[in-house]
Amino acid sequence: ALHMLGHAEFSRGDAEAAIACIERSLRQAPGNARAHSDLGVIHRRRGDALLAQACFEAAARLDPGNARAWSNLGNTLLESGEAERALAC
């Protein structure tokens, strides 16, 4: 529920509330790869590549078949100038 509330808050333009909701959901369910990935998307859109990268790495580690997490991780690394690491994604 908190994860979805985070989506709603982000859709309304409140990134801070979205982050707070998703982080709370991750405290309850730390293995939720989708929540990690969604949190990464918010951080990336806010310009925080390091936090986004950490979120996408967690999502990919928790769900290695999650193509979206790998794609987001690769794009974030590429945008951060880490082309070789990005190619590994």
# chains A, B, ... in the order shown; residues from 1 in each chain; ligands from 1
$ residues_around --residues "Gln53 in chain A" --least-positions-apart "6" --cutoff "9 Å" --atoms "only C-alpha atoms" --output "list of chain:residue names"
A:Gly40, A:His43, A:Arg44, A:Asn72, A:Leu73, A:Gly74, A:Thr76, A:Leu77
$ residues_around --residues "Glu9 in chain A" --least-positions-apart "3" --cutoff "12 Å" --atoms "only C-alpha atoms" --output "number ranges by chain"
A: 2-6, 12-22, 42
$ closest_residue --among "A:Val41, A:Ala60, A:Ala35, A:Ala8" --to "Cys89 in chain A" --atoms "only C-alpha atoms"
A:Ala60
$ residues_around --residues "Ser37 in chain A" --least-positions-apart "6" --cutoff "9 Å" --atoms "only C-alpha atoms" --output "PyMOL selection string"
chain A and resi 52+55-60+68-69+72
$ write_last_selection --atoms "N, CA, C and O atoms" --output "JSON list (two decimals), in the first residue's frame"
[["chain", "number", "residue", "atom", "x", "y", "z"],
["A", 52, "ALA", "N", 20.14, 6.75, -7.20],
["A", 52, "ALA", "CA", 19.43, 5.97, -8.21],
["A", 52, "ALA", "C", 20.19, 4.68, -8.52],
["A", 52, "ALA", "O", 19.60, 3.60, -8.57],
["A", 55, "CYS", "N", 19.79, 2.11, -5.82],
["A", 55, "CYS", "CA", 18.45, 1.50, -5.87],
["A", 55, "CYS", "C", 18.34, 0.49, -6.99],
["A", 55, "CYS", "O", 17.81, -0.61, -6.81],
["A", 56, "PHE", "N", 18.84, 0.85, -8.17],
["A", 56, "PHE", "CA", 18.77, -0.07, -9.31],
["A", 56, "PHE", "C", 19.64, -1.30, -9.08],
["A", 56, "PHE", "O", 19.27, -2.42, -9.46],
["A", 57, "GLU", "N", 20.80, -1.12, -8.44],
["A", 57, "GLU", "CA", 21.65, -2.27, -8.12],
["A", 57, "GLU", "C", 20.94, -3.21, -7.16],
["A", 57, "GLU", "O", 20.99, -4.44, -7.32],
["A", 58, "ALA", "N", 20.26, -2.65, -6.16],
["A", 58, "ALA", "CA", 19.51, -3.48, -5.22],
["A", 58, "ALA", "C", 18.40, -4.23, -5.94],
["A", 58, "ALA", "O", 18.20, -5.43, -5.71],
["A", 59, "ALA", "N", 17.68, -3.56, -6.82],
["A", 59, "ALA", "CA", 16.60, -4.20, -7.56],
["A", 59, "ALA", "C", 17.12, -5.34, -8.43],
["A", 59, "ALA", "O", 16.54, -6.43, -8.46],
["A", 60, "ALA", "N", 18.24, -5.10, -9.11],
["A", 60, "ALA", "CA", 18.81, -6.13, -9.99],
["A", 60, "ALA", "C", 19.35, -7.30, -9.17],
["A", 60, "ALA", "O", 19.23, -8.46, -9.60],
["A", 68, "ARG", "N", 13.91, -4.19, -16.48],
["A", 68, "ARG", "CA", 13.73, -2.75, -16.24],
["A", 68, "ARG", "C", 14.81, -2.22, -15.29],
["A", 68, "ARG", "O", 15.39, -1.15, -15.51],
["A", 69, "ALA", "N", 15.10, -2.97, -14.23],
["A", 69, "ALA", "CA", 16.13, -2.55, -13.27],
["A", 69, "ALA", "C", 17.49, -2.50, -13.95],
["A", 69, "ALA", "O", 18.25, -1.54, -13.77],
["A", 72, "ASN", "N", 17.57, 0.50, -16.38],
["A", 72, "ASN", "CA", 17.71, 1.76, -15.64],
["A", 72, "ASN", "C", 19.11, 1.90, -15.05],
["A", 72, "ASN", "O", 19.69, 2.99, -15.07]]
